[in-house]
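Dropping protein21.pdb in here (PDB, C-alpha atoms):
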ATOM      1  CA  MET K 269     -12.099  42.428  31.593
ATOM      2  CA  ALA K 270     -11.296  43.249  35.216
ATOM      3  CA  GLU K 271      -8.949  46.210  35.503
ATOM      4  CA  VAL K 272      -7.084  47.256  38.626
ATOM      5  CA  GLU K 273      -5.227  50.506  39.133
ATOM      6  CA  PHE K 274      -2.524  51.373  41.621
ATOM      7  CA  ASN K 275      -1.034  54.747  42.406
ATOM      8  CA  VAL K 276       2.633  54.586  43.391
ATOM      9  CA  SER K 277       2.790  56.539  46.657
ATOM     10  CA  PHE K 278       6.512  55.885  47.013
ATOM     11  CA  ALA K 279       9.179  53.903  45.149
ATOM     12  CA  GLY K 280      12.794  53.584  46.210
ATOM     13  CA  PRO K 281      15.693  53.430  43.753
ATOM     14  CA  LEU K 282      15.989  50.388  41.508
ATOM     15  CA  VAL K 283      12.356  49.349  41.847
ATOM     16  CA  THR K 284      11.661  48.076  38.345
ATOM     17  CA  VAL K 285       9.291  46.129  36.123
ATOM     18  CA  GLN K 286      10.703  42.695  35.298
ATOM     19  CA  ASP K 287       9.710  39.574  33.453
ATOM     20  CA  ALA K 288      11.916  36.544  32.826
ATOM     21  CA  GLY K 289      14.215  38.590  30.570
ATOM     22  CA  ARG K 290      15.278  38.666  26.938
ATOM     23  CA  PRO K 291      17.787  35.841  26.317
ATOM     24  CA  GLY K 292      19.767  35.369  23.125
ATOM     25  CA  ASN K 293      20.688  38.989  22.468
ATOM     26  CA  MET K 294      24.127  39.385  24.008
ATOM     27  CA  ARG K 295      25.719  39.245  20.570
ATOM     28  CA  TYR K 296      23.907  42.535  19.933
ATOM     29  CA  GLY K 297      25.207  44.051  23.164
ATOM     30  CA  VAL K 298      21.947  43.446  25.064
ATOM     31  CA  PRO K 299      22.070  41.515  28.353
ATOM     32  CA  ARG K 300      19.179  39.317  29.420
ATOM     33  CA  SER K 301      18.223  41.496  32.429
ATOM     34  CA  GLY K 302      15.215  40.016  34.260
ATOM     35  CA  PRO K 303      15.018  39.361  38.007
ATOM     36  CA  MET K 304      18.074  39.411  40.250
ATOM     37  CA  ASP K 305      16.717  36.417  42.178
ATOM     38  CA  ARG K 306      15.130  34.274  39.495
ATOM     39  CA  LEU K 307      13.860  31.534  41.788
ATOM     40  CA  ALA K 308      12.018  33.967  44.071
ATOM     41  CA  PHE K 309      10.489  35.652  41.001
ATOM     42  CA  GLU K 310       9.359  32.290  39.623
ATOM     43  CA  ALA K 311       7.949  31.264  42.996
ATOM     44  CA  ALA K 312       5.750  34.386  43.168
ATOM     45  CA  ASN K 313       4.161  33.557  39.820
ATOM     46  CA  ALA K 314       3.821  29.855  40.621
ATOM     47  CA  ALA K 315       2.104  30.626  43.929
ATOM     48  CA  LEU K 316      -0.550  32.601  42.018
ATOM     49  CA  GLY K 317      -0.955  30.051  39.248
ATOM     50  CA  ASN K 318       0.413  32.545  36.709
ATOM     51  CA  THR K 319       2.199  31.750  33.485
ATOM     52  CA  ALA K 320       5.920  31.255  34.063
ATOM     53  CA  GLY K 321       7.843  34.481  33.557
ATOM     54  CA  GLN K 322       4.794  36.728  33.901
ATOM     55  CA  THR K 323       5.638  40.391  34.495
ATOM     56  CA  ALA K 324       6.056  41.479  38.142
ATOM     57  CA  LEU K 325       7.668  44.281  40.140
ATOM     58  CA  GLU K 326      11.161  43.885  41.565
ATOM     59  CA  ILE K 327      11.529  45.825  44.822
ATOM     60  CA  SER K 328      14.872  47.010  46.166
ATOM     61  CA  LEU K 329      15.844  47.823  49.749
ATOM     62  CA  GLY K 330      14.330  51.267  49.127
ATOM     63  CA  GLY K 331      10.856  49.755  49.286
ATOM     64  CA  LEU K 332       7.545  50.375  47.539
ATOM     65  CA  ILE K 333       4.127  51.721  48.598
ATOM     66  CA  LEU K 334       1.070  51.228  46.377
ATOM     67  CA  GLN K 335      -2.451  52.568  46.837
ATOM     68  CA  CYS K 336      -5.192  50.607  45.085
ATOM     69  CA  THR K 337      -7.468  53.174  43.441
ATOM     70  CA  ALA K 338      -9.688  50.814  41.451
ATOM     71  CA  GLY K 339     -10.572  47.114  41.478
ATOM     72  CA  SER K 340      -9.250  44.136  43.414
ATOM     73  CA  VAL K 341      -6.473  41.642  42.677
ATOM     74  CA  THR K 342      -4.612  38.824  44.402
ATOM     75  CA  VAL K 343      -0.841  39.279  44.707
ATOM     76  CA  ALA K 344       2.175  37.283  45.875
ATOM     77  CA  ILE K 345       5.263  38.687  47.611
ATOM     78  CA  THR K 346       8.506  36.680  47.691
ATOM     79  CA  GLY K 347      12.255  37.318  47.722
ATOM     80  CA  GLY K 348      14.230  38.536  50.715
ATOM     81  CA  ASP K 349      12.891  38.631  54.244
ATOM     82  CA  PHE K 350      10.930  41.860  53.685
ATOM     83  CA  VAL K 351       8.080  43.367  55.715
ATOM     84  CA  VAL K 352       4.635  43.663  54.121
ATOM     85  CA  ASP K 353       2.112  46.160  55.505
ATOM     86  CA  HIS K 354      -1.313  45.530  53.975
ATOM     87  CA  ALA K 355      -4.467  47.317  55.126
ATOM     88  CA  GLY K 356      -2.945  47.900  58.559
ATOM     89  CA  GLN K 357      -1.785  44.300  59.005
ATOM     90  CA  VAL K 358       1.958  43.624  59.151
ATOM     91  CA  LEU K 359       3.086  40.382  57.501
ATOM     92  CA  SER K 360       6.271  38.747  56.327
ATOM     93  CA  SER K 361       7.103  38.263  52.670
ATOM     94  CA  TRP K 362       6.458  34.885  51.027
ATOM     95  CA  THR K 363       2.728  35.351  51.240
ATOM     96  CA  VAL K 364      -0.352  35.629  49.015
ATOM     97  CA  LEU K 365      -3.114  38.146  49.740
ATOM     98  CA  THR K 366      -5.781  40.181  47.953
ATOM     99  CA  ILE K 367      -5.711  43.969  47.663
ATOM    100  CA  HIS K 368      -9.041  45.791  47.312
ATOM    101  CA  GLN K 369      -9.878  49.302  46.181
ATOM    102  CA  GLY K 370      -8.929  51.841  48.843
ATOM    103  CA  GLU K 371      -6.300  49.607  50.450
ATOM    104  CA  ARG K 372      -2.590  50.269  50.663
ATOM    105  CA  ILE K 373       0.279  47.827  50.474
ATOM    106  CA  ALA K 374       3.816  48.711  51.533
ATOM    107  CA  VAL K 375       6.792  46.420  50.999
ATOM    108  CA  ARG K 376       9.963  47.444  52.796
ATOM    109  CA  ALA K 377      13.292  45.960  53.808
ATOM    110  CA  GLY K 378      13.219  43.563  56.748
ATOM    111  CA  ARG K 379      15.826  41.388  58.400
ATOM    112  CA  ALA K 380      17.579  40.004  55.329
ATOM    113  CA  GLY K 381      17.758  40.061  51.560
ATOM    114  CA  SER K 382      18.112  42.821  48.989
ATOM    115  CA  TRP K 383      15.266  42.120  46.537
ATOM    116  CA  ALA K 384      11.573  41.290  46.803
ATOM    117  CA  TYR K 385       9.005  40.448  44.115
ATOM    118  CA  LEU K 386       5.401  41.573  43.846
ATOM    119  CA  ALA K 387       3.475  39.472  41.325
ATOM    120  CA  PHE K 388      -0.154  40.018  40.337
ATOM    121  CA  ALA K 389      -2.965  37.636  39.338
ATOM    122  CA  GLY K 390      -3.295  39.610  36.127
ATOM    123  CA  ASN K 391      -1.282  41.301  33.426
ATOM    124  CA  VAL K 392       0.811  44.321  34.379
ATOM    125  CA  GLN K 393       0.743  46.898  31.593
ATOM    126  CA  ALA K 394       4.296  47.816  30.602
ATOM    127  CA  ASN K 395       6.332  48.961  27.625
ATOM    128  CA  ALA K 396       7.963  45.950  26.027
ATOM    129  CA  TRP K 397      11.354  46.251  24.344
ATOM    130  CA  MET K 398      12.677  43.516  22.063
ATOM    131  CA  GLY K 399       9.759  41.343  23.087
ATOM    132  CA  SER K 400      10.248  41.637  26.840
ATOM    133  CA  ASP K 401       9.014  43.846  29.692
ATOM    134  CA  ALA K 402      12.263  43.305  31.607
ATOM    135  CA  THR K 403      13.909  46.591  32.573
ATOM    136  CA  HIS K 404      17.551  47.198  31.710
ATOM    137  CA  SER K 405      18.348  49.537  34.583
ATOM    138  CA  THR K 406      21.164  51.578  33.012
ATOM    139  CA  SER K 407      19.318  52.366  29.767
ATOM    140  CA  GLY K 408      15.759  52.291  31.097
ATOM    141  CA  PHE K 409      14.620  50.128  28.171
ATOM    142  CA  GLY K 410      11.741  47.759  28.896
ATOM    143  CA  GLY K 411       9.045  48.275  31.495
ATOM    144  CA  GLY K 412      11.206  50.853  33.229
ATOM    145  CA  ALA K 413      11.849  52.029  36.748
ATOM    146  CA  VAL K 414       8.818  52.509  38.990
ATOM    147  CA  ALA K 415       8.502  56.111  40.203
ATOM    148  CA  SER K 416       6.442  57.907  42.828
ATOM    149  CA  GLY K 417       3.213  59.284  41.348
ATOM    150  CA  GLN K 418       3.116  56.696  38.582
ATOM    151  CA  LEU K 419      -0.057  54.771  37.708
ATOM    152  CA  ILE K 420       0.225  50.984  37.401
ATOM    153  CA  GLU K 421      -2.540  49.114  35.581
ATOM    154  CA  VAL K 422      -3.257  45.391  35.869
ATOM    155  CA  LEU K 423      -5.593  43.962  33.235
ATOM    156  CA  ASP K 424      -7.493  40.641  33.390
ATOM    157  CA  ALA K 425      -7.106  40.836  37.158
ATOM    158  CA  SER K 426      -8.624  38.109  39.309
ATOM    159  CA  ILE K 427      -9.176  37.257  42.966
ATOM    160  CA  ARG K 428      -7.751  33.863  43.971
ATOM    161  CA  GLU K 429      -8.675  33.511  47.617
ATOM    162  CA  GLY K 430      -7.856  29.802  47.606
ATOM    163  CA  ARG K 431      -4.212  30.746  47.217
ATOM    164  CA  HIS K 432      -4.097  33.071  50.232
ATOM    165  CA  GLY K 433      -1.551  32.408  52.966
ATOM    166  CA  ASP K 434       2.114  31.617  53.386
ATOM    167  CA  ILE K 435       4.189  30.435  50.432
ATOM    168  CA  ARG K 436       6.493  27.511  51.160
ATOM    169  CA  ARG K 437      10.041  28.708  50.759
ATOM    170  CA  PRO K 438      12.543  26.658  48.749
ATOM    171  CA  GLY K 439      14.461  24.394  51.110
ATOM    172  CA  PHE K 440      17.161  23.369  48.656
ATOM    173  CA  ARG K 441      19.159  26.590  48.337
ATOM    174  CA  ALA K 442      22.785  25.837  49.134
ATOM    175  CA  ASP K 443      24.216  27.535  52.180
ATOM    176  CA  GLY K 444      27.888  28.164  52.753
ATOM    177  CA  PRO K 445      30.465  29.346  50.208
ATOM    178  CA  ILE K 446      29.566  30.733  46.802
ATOM    179  CA  ARG K 447      30.549  28.128  44.219
ATOM    180  CA  ALA K 448      32.655  29.295  41.277
ATOM    181  CA  VAL K 449      34.702  27.785  38.452
ATOM    182  CA  ILE K 450      38.200  29.258  38.216
ATOM    183  CA  GLY K 451      38.927  31.083  34.965
ATOM    184  CA  PRO K 452      38.650  31.774  32.140
ATOM    185  CA  GLN K 453      41.615  34.150  32.613
ATOM    186  CA  ASP K 454      43.268  32.908  35.766
ATOM    187  CA  GLN K 455      46.581  32.862  33.888
ATOM    188  CA  HIS K 456      46.624  36.656  34.127
ATOM    189  CA  PHE K 457      46.745  36.633  37.932
ATOM    190  CA  ASP K 458      49.601  36.314  40.344
ATOM    191  CA  PRO K 459      49.504  32.838  41.988
ATOM    192  CA  VAL K 460      48.800  34.463  45.344
ATOM    193  CA  SER K 461      45.542  35.838  43.916
ATOM    194  CA  LEU K 462      44.066  32.388  43.362
ATOM    195  CA  ASP K 463      45.010  31.347  46.865
ATOM    196  CA  ARG K 464      43.415  34.457  48.347
ATOM    197  CA  PHE K 465      40.285  34.131  46.214
ATOM    198  CA  THR K 466      39.529  30.618  47.403
ATOM    199  CA  ASN K 467      40.782  30.800  50.989
ATOM    200  CA  GLU K 468      40.000  34.267  52.322
ATOM    201  CA  THR K 469      36.832  36.166  53.173
ATOM    202  CA  PHE K 470      35.251  38.983  51.154
ATOM    203  CA  GLU K 471      32.622  41.530  52.098
ATOM    204  CA  VAL K 472      29.829  43.010  50.002
ATOM    205  CA  THR K 473      30.249  46.776  49.620
ATOM    206  CA  ASP K 474      27.600  49.417  48.992
ATOM    207  CA  ALA K 475      28.878  49.668  45.396
ATOM    208  CA  TYR K 476      26.111  47.305  44.387
ATOM    209  CA  ASP K 477      23.360  47.593  41.783
ATOM    210  CA  ARG K 478      21.732  45.485  39.087
ATOM    211  CA  MET K 479      24.940  45.518  37.025
ATOM    212  CA  GLY K 480      27.195  44.048  39.651
ATOM    213  CA  MET K 481      28.477  43.769  43.188
ATOM    214  CA  ARG K 482      31.884  45.143  44.201
ATOM    215  CA  LEU K 483      33.612  43.214  46.988
ATOM    216  CA  ALA K 484      36.048  44.316  49.660
ATOM    217  CA  GLY K 485      38.737  41.957  50.850
ATOM    218  CA  PRO K 486      42.224  40.774  50.001
ATOM    219  CA  GLU K 487      43.840  42.357  46.968
ATOM    220  CA  LEU K 488      43.994  40.092  43.907
ATOM    221  CA  PRO K 489      47.121  41.285  42.060
ATOM    222  CA  LEU K 490      47.210  40.976  38.278
ATOM    223  CA  ARG K 491      50.055  39.899  36.033
ATOM    224  CA  ASN K 492      50.350  41.614  32.616
ATOM    225  CA  ALA K 493      46.603  41.648  32.212
ATOM    226  CA  LEU K 494      45.415  45.174  31.551
ATOM    227  CA  SER K 495      46.258  45.113  27.843
ATOM    228  CA  ILE K 496      44.055  42.109  27.019
ATOM    229  CA  PRO K 497      41.311  42.772  24.431
ATOM    230  CA  SER K 498      37.655  43.029  25.356
ATOM    231  CA  GLU K 499      35.739  39.779  25.098
ATOM    232  CA  PRO K 500      32.256  38.465  25.948
ATOM    233  CA  ILE K 501      31.390  38.179  29.620
ATOM    234  CA  LEU K 502      28.548  36.494  31.478
ATOM    235  CA  ARG K 503      26.352  36.887  34.507
ATOM    236  CA  GLY K 504      28.421  35.567  37.388
ATOM    237  CA  SER K 505      31.788  36.635  35.939
ATOM    238  CA  VAL K 506      34.176  37.804  38.662
ATOM    239  CA  GLN K 507      36.220  40.513  36.987
ATOM    240  CA  VAL K 508      39.134  42.233  38.678
ATOM    241  CA  ALA K 509      40.182  45.810  37.926
ATOM    242  CA  GLY K 510      43.726  47.142  38.019
ATOM    243  CA  ASP K 511      43.411  47.891  41.735
ATOM    244  CA  GLY K 512      42.992  44.167  42.452
ATOM    245  CA  VAL K 513      39.374  44.547  43.607
ATOM    246  CA  PRO K 514      36.815  41.966  42.353
ATOM    247  CA  THR K 515      33.309  42.679  41.061
ATOM    248  CA  VAL K 516      30.706  39.972  40.490
ATOM    249  CA  LEU K 517      28.576  40.792  37.432
ATOM    250  CA  LEU K 518      24.812  40.361  37.767
ATOM    251  CA  ALA K 519      21.568  40.709  35.769
ATOM    252  CA  ASP K 520      22.311  43.936  33.866
ATOM    253  CA  HIS K 521      26.012  43.270  33.271
ATOM    254  CA  GLN K 522      27.773  44.686  30.240
ATOM    255  CA  THR K 523      28.202  42.116  27.483
ATOM    256  CA  THR K 524      31.910  42.668  26.800
ATOM    257  CA  GLY K 525      34.802  43.746  28.978
ATOM    258  CA  GLY K 526      38.579  43.989  29.059
ATOM    259  CA  TYR K 527      39.229  43.295  32.733
ATOM    260  CA  PRO K 528      40.452  39.755  33.440
ATOM    261  CA  LYS K 529      38.003  37.307  34.991
ATOM    262  CA  ILE K 530      39.430  35.218  37.809
ATOM    263  CA  ALA K 531      36.345  32.991  38.093
ATOM    264  CA  THR K 532      32.688  32.539  37.177
ATOM    265  CA  VAL K 533      30.002  31.997  39.830
ATOM    266  CA  ILE K 534      27.608  29.180  38.909
ATOM    267  CA  SER K 535      24.123  30.315  37.912
ATOM    268  CA  CYS K 536      22.159  29.096  40.929
ATOM    269  CA  ASP K 537      24.576  30.834  43.312
ATOM    270  CA  THR K 538      24.428  34.203  41.533
ATOM    271  CA  ASP K 539      20.787  34.448  42.620
ATOM    272  CA  ARG K 540      21.693  33.585  46.201
ATOM    273  CA  LEU K 541      24.560  36.068  46.141
ATOM    274  CA  ALA K 542      22.252  38.793  44.784
ATOM    275  CA  GLN K 543      20.285  38.678  48.039
ATOM    276  CA  PHE K 544      23.376  39.572  50.126
ATOM    277  CA  ARG K 545      23.473  43.059  51.625
ATOM    278  CA  ALA K 546      26.349  45.492  52.036
ATOM    279  CA  GLY K 547      28.466  44.399  54.976
ATOM    280  CA  GLU K 548      27.686  40.690  54.628
ATOM    281  CA  LYS K 549      30.684  38.405  54.333
ATOM    282  CA  LEU K 550      31.199  35.521  51.944
ATOM    283  CA  ARG K 551      33.732  32.992  50.790
ATOM    284  CA  PHE K 552      34.217  31.347  47.409
ATOM    285  CA  ASP K 553      34.495  27.616  46.815
ATOM    286  CA  ALA K 554      36.399  26.688  43.653
ATOM    287  CA  ILE K 555      34.769  23.706  41.912
ATOM    288  CA  SER K 556      35.467  21.935  38.624
ATOM    289  CA  SER K 557      33.423  22.460  35.480
ATOM    290  CA  ALA K 558      32.063  18.922  35.807
ATOM    291  CA  GLN K 559      30.985  19.559  39.390
ATOM    292  CA  ALA K 560      29.396  22.852  38.363
ATOM    293  CA  LEU K 561      27.304  21.100  35.698
ATOM    294  CA  ALA K 562      26.226  18.442  38.186
ATOM    295  CA  ASP K 563      25.313  21.021  40.838
ATOM    296  CA  VAL K 564      23.324  23.142  38.383
ATOM    297  CA  ARG K 565      21.484  20.101  37.003
ATOM    298  CA  ASP K 566      20.583  19.059  40.543
ATOM    299  CA  PHE K 567      19.368  22.579  41.300
ATOM    300  CA  LEU K 568      17.228  22.695  38.158
ATOM    301  CA  VAL K 569      15.561  19.399  39.040
ATOM    302  CA  HIS K 570      14.746  20.578  42.550
ATOM    303  CA  ARG K 571      13.581  23.959  41.241
ATOM    304  CA  GLN K 572      11.196  22.361  38.755
ATOM    305  CA  GLU K 573       9.739  20.030  41.388
ATOM    306  CA  TYR K 574       9.367  22.897  43.858
ATOM    307  CA  LEU K 575       7.606  25.214  41.392
ATOM    308  CA  GLU K 576       5.307  22.478  40.118
ATOM    309  CA  ASN K 577       4.351  21.428  43.646
ATOM    310  CA  LEU K 578       3.857  25.044  44.679
ATOM    311  CA  GLY K 579       1.412  25.612  41.857
ATOM    312  CA  VAL K 580      -0.353  22.254  42.121
ATOM    313  CA  VAL K 581      -0.763  22.207  45.888
ATOM    314  CA  ARG K 582      -2.121  25.730  46.061
ATOM    315  CA  GLY K 583      -4.129  25.148  42.926
ATOM    316  CA  THR K 584      -5.704  22.035  44.442
ATOM    317  CA  LEU K 585      -6.707  24.052  47.491
ATOM    318  CA  GLU K 586      -8.186  26.737  45.263
ATOM    319  CA  GLN K 587     -10.176  24.167  43.293
ATOM    320  CA  ARG K 588     -11.456  22.578  46.506
ATOM    321  CA  LEU K 589     -12.678  25.927  47.811
ATOM    322  CA  MET K 590     -14.352  26.667  44.500
ATOM    323  CA  ARG K 591     -16.178  23.322  44.684
ATOM    324  CA  GLU K 592     -17.222  24.024  48.266
ATOM    325  CA  ASN K 593     -18.500  27.464  47.271
ATOM    326  CA  LEU K 594     -20.431  25.909  44.386
ATOM    327  CA  ILE K 595     -21.992  23.273  46.667
ATOM    328  CA  HIS K 596     -22.795  25.971  49.216
ATOM    329  CA  GLY K 597     -24.504  27.983  46.519
ATOM    330  CA  CYS K 598     -26.538  25.003  45.301
ATOM    331  CA  ILE K 599     -27.767  24.294  48.820
ATOM    332  CA  TYR K 600     -28.784  27.814  49.748
ATOM    333  CA  ASP K 601     -29.842  29.441  46.483
TER     334      ASP K 601
END

Encoding of this model in structure tokens:
Amino acid sequence: MAEVEFNVSFAGPLVTVQDAGRPGNMRYGVPRSGPMDRLAFEAANAALGNTAGQTALEISLGGLILQCTAGSVTVAITGGDFVVDHAGQVLSSWTVLTIHQGERIAVRAGRAGSWAYLAFAGNVQANAWMGSDATHSTSGFGGGAVASGQLIEVLDASIREGRHGDIRRPGFRADGPIRAVIGPQDQHFDPVSLDRFTNETFEVTDAYDRMGMRLAGPELPLRNALSIPSEPILRGSVQVAGDGVPTVLLADHQTTGGYPKIATVISCDTDRLAQFRAGEKLRFDAISSAQALADVRDFLVHRQEYLENLGVVRGTLEQRLMRENLIHGCIYD
């Protein structure tokens, strides 16, 4: 059993262990958690030929530096446009490489994006909670936050040189406005709020973490709304506090809330929105429930094709190289 060890030389805030999350527990007050950008997370595992949802590290703008103290393992880095410094070579994210004992890898913020993913061709050892390694950032349950000085172990590690190189990025992510379905509590807003929400520009503030993203922009005045009872809320809910300021809820959102929700961002656009940085501007596009279902179905089809092709194409290359190595060995041994 190949074992690889990393010493965490440095870890910024909100660098956490994540797997695909723990769905089905919101009725117990437990959000799913998991990666902020689910497609990028899935792509990292697919590029390595890993099992879907395999545990990886989610890296914030604060960055991460690891020193390999034992063994060797192939890794994939995806997510935002981050900078990867490996063994003195500077690369872009969306790449597969192998880290050997004595080498260092640093992943830090680059030109765009707020989250990167470091997946391993092996099993990251982490503390599971309710059957998942996903970290709930506010409680610390799950694999937990990664801290400087920590030791990270990867068991059953392997080297997959045939998968080295650039990872094809998904070309089907929608650009333009963030799509959202109005409601479920739009009746609690002044009519001017709906007009402003769909026709004016908002800006991401630095009040942004794994729970949610607070936006700056036009005030969205309420109408007799602050006495409504708490009710279940979802990832993508756009709730508005008494000051008229909206917050989009993300991976570690609370499961109930009493603030009115003016809209709900569709699932595939919450991941895209999560990669925005403070200061970036955005607009919302109000779509019908039927259109939302159609758009999400279309996204899921493209996502499945992309992930399957990513794994198969790189896997085919890996198999070809293995055959060539075997033939080479037969000739010269």

Residue IDs satisfying the PyMOL selection byres ((chain K and resi 354-358) around 8), as a list in words: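 Applying the expression gives Val351, Val352, Asp353, Leu359, Ser360, Ile367, Glu371, Arg372, Ile373 and Ala374 of chain K.
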
Report as a PyMOL selection string the residues that result from applying the PyMOL selection byres ((chain K and resi 511) around 9) to the structure here. chain K and resi 487-490+508-510+512-514

Give me, as a PyMOL selection string, all polymer residues having an atom no more than 9 Å from Gly547 in chain K, counting all atoms listed in the file and skipping those fewer than 2 positions away in the same chain. chain K and resi 471-474+544-545+549

List the residues selected by the PyMOL selection byres ((chain K and resi 313) around 9) in the file shown, writing them as a list in words.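 When the PyMOL selection byres ((chain K and resi 313) around 9) is applied, the selected residues are Ala308, Phe309, Glu310, Ala311, Ala312, Ala314, Ala315, Leu316, Gly317, Asn318, Thr319, Ala320, Gly321, Gln322, Thr323, Ala324, Ala344, Ala387, Phe388, Ala389 and Gly579 of chain K.
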
For range 475-484 of chain K, please output as a PyMOL selection string all residues within 8 Å (counting only C-alpha atoms; exclusion window: fewer than 5 positions along the same chain). chain K and resi 282+304+405+470+513-522+546

What's around range 552-567 of chain K at 9 Å? Count all atoms listed in the file, leave out sequence neighbours fewer than 3 positions away in its own chain, and write the answer as a list in words. Phe440, Arg441, Gly444, Pro445, Ile446, Arg447, Ala448, Val449, Ile450, Phe465, Thr466, Asn467, Glu468, Thr469, Phe470, Ala531, Val533, Ile534, Ser535, Cys536, His570, Arg571 and Gln572 of chain K

Could you write out that same residue set with C-alpha atoms as a short mmCIF file (atom, residue, chain, number, x, y, z; two decimals), in the coordinates of the input?
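Ended up saving to out-v3.cif:
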data_model
loop_
_atom_site.label_atom_id
_atom_site.label_comp_id
_atom_site.auth_asym_id
_atom_site.auth_seq_id
_atom_site.Cartn_x
_atom_site.Cartn_y
_atom_site.Cartn_z
CA PHE K 440 17.16 23.37 48.66
CA ARG K 441 19.16 26.59 48.34
CA GLY K 444 27.89 28.16 52.75
CA PRO K 445 30.46 29.35 50.21
CA ILE K 446 29.57 30.73 46.80
CA ARG K 447 30.55 28.13 44.22
CA ALA K 448 32.66 29.30 41.28
CA VAL K 449 34.70 27.78 38.45
CA ILE K 450 38.20 29.26 38.22
CA PHE K 465 40.28 34.13 46.21
CA THR K 466 39.53 30.62 47.40
CA ASN K 467 40.78 30.80 50.99
CA GLU K 468 40.00 34.27 52.32
CA THR K 469 36.83 36.17 53.17
CA PHE K 470 35.25 38.98 51.15
CA ALA K 531 36.34 32.99 38.09
CA VAL K 533 30.00 32.00 39.83
CA ILE K 534 27.61 29.18 38.91
CA SER K 535 24.12 30.32 37.91
CA CYS K 536 22.16 29.10 40.93
CA HIS K 570 14.75 20.58 42.55
CA ARG K 571 13.58 23.96 41.24
CA GLN K 572 11.20 22.36 38.76
#

Give me, please, the distance in Å between CA of Ala338 in chain K and CA of Gln369 in chain K, quoted to one decimal.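 Here the two named atoms are 5.0 Å from each other.
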
Of the candidates K:Gly451, K:Val285, K:Glu573, K:Leu329, which one gets nearest to Arg379 in chain K if we count all atoms listed in the file?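 Smallest distance to Arg379 in chain K is found for K:Leu329.
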
Contacts of Ser426 in chain K within 9 Å, all atoms listed in the file, excl. fewer than 2 positions in-chain, as a ChimeraX atom specification: /K:270-271,340-342,388-390,423-424,428

So how far away is CA of Thr523 in chain K from CA of Tyr296 in chain K, in Å? 8.7 Å

Separation of CA of Asn577 in chain K from CA of Tyr385 in chain K, in Å and rounded to one decimal: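 That distance, rounded to one decimal, is 19.6 Å.
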
Return the single residue from K:Ser361, K:Ser495, K:Gln393, K:Gln543 that is closest to Asp287 in chain K, with distances computed using all atoms listed in the file.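 Ranked by minimum distance to Asp287 in chain K, first place goes to K:Gln393.
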
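Nearest-residue note for Gly381 in chain K: choosing from K:Asp434, K:Glu429, K:Asp305, K:Asp454, the minimum distance belongs to K:Asp305, counting all atoms listed in the file.
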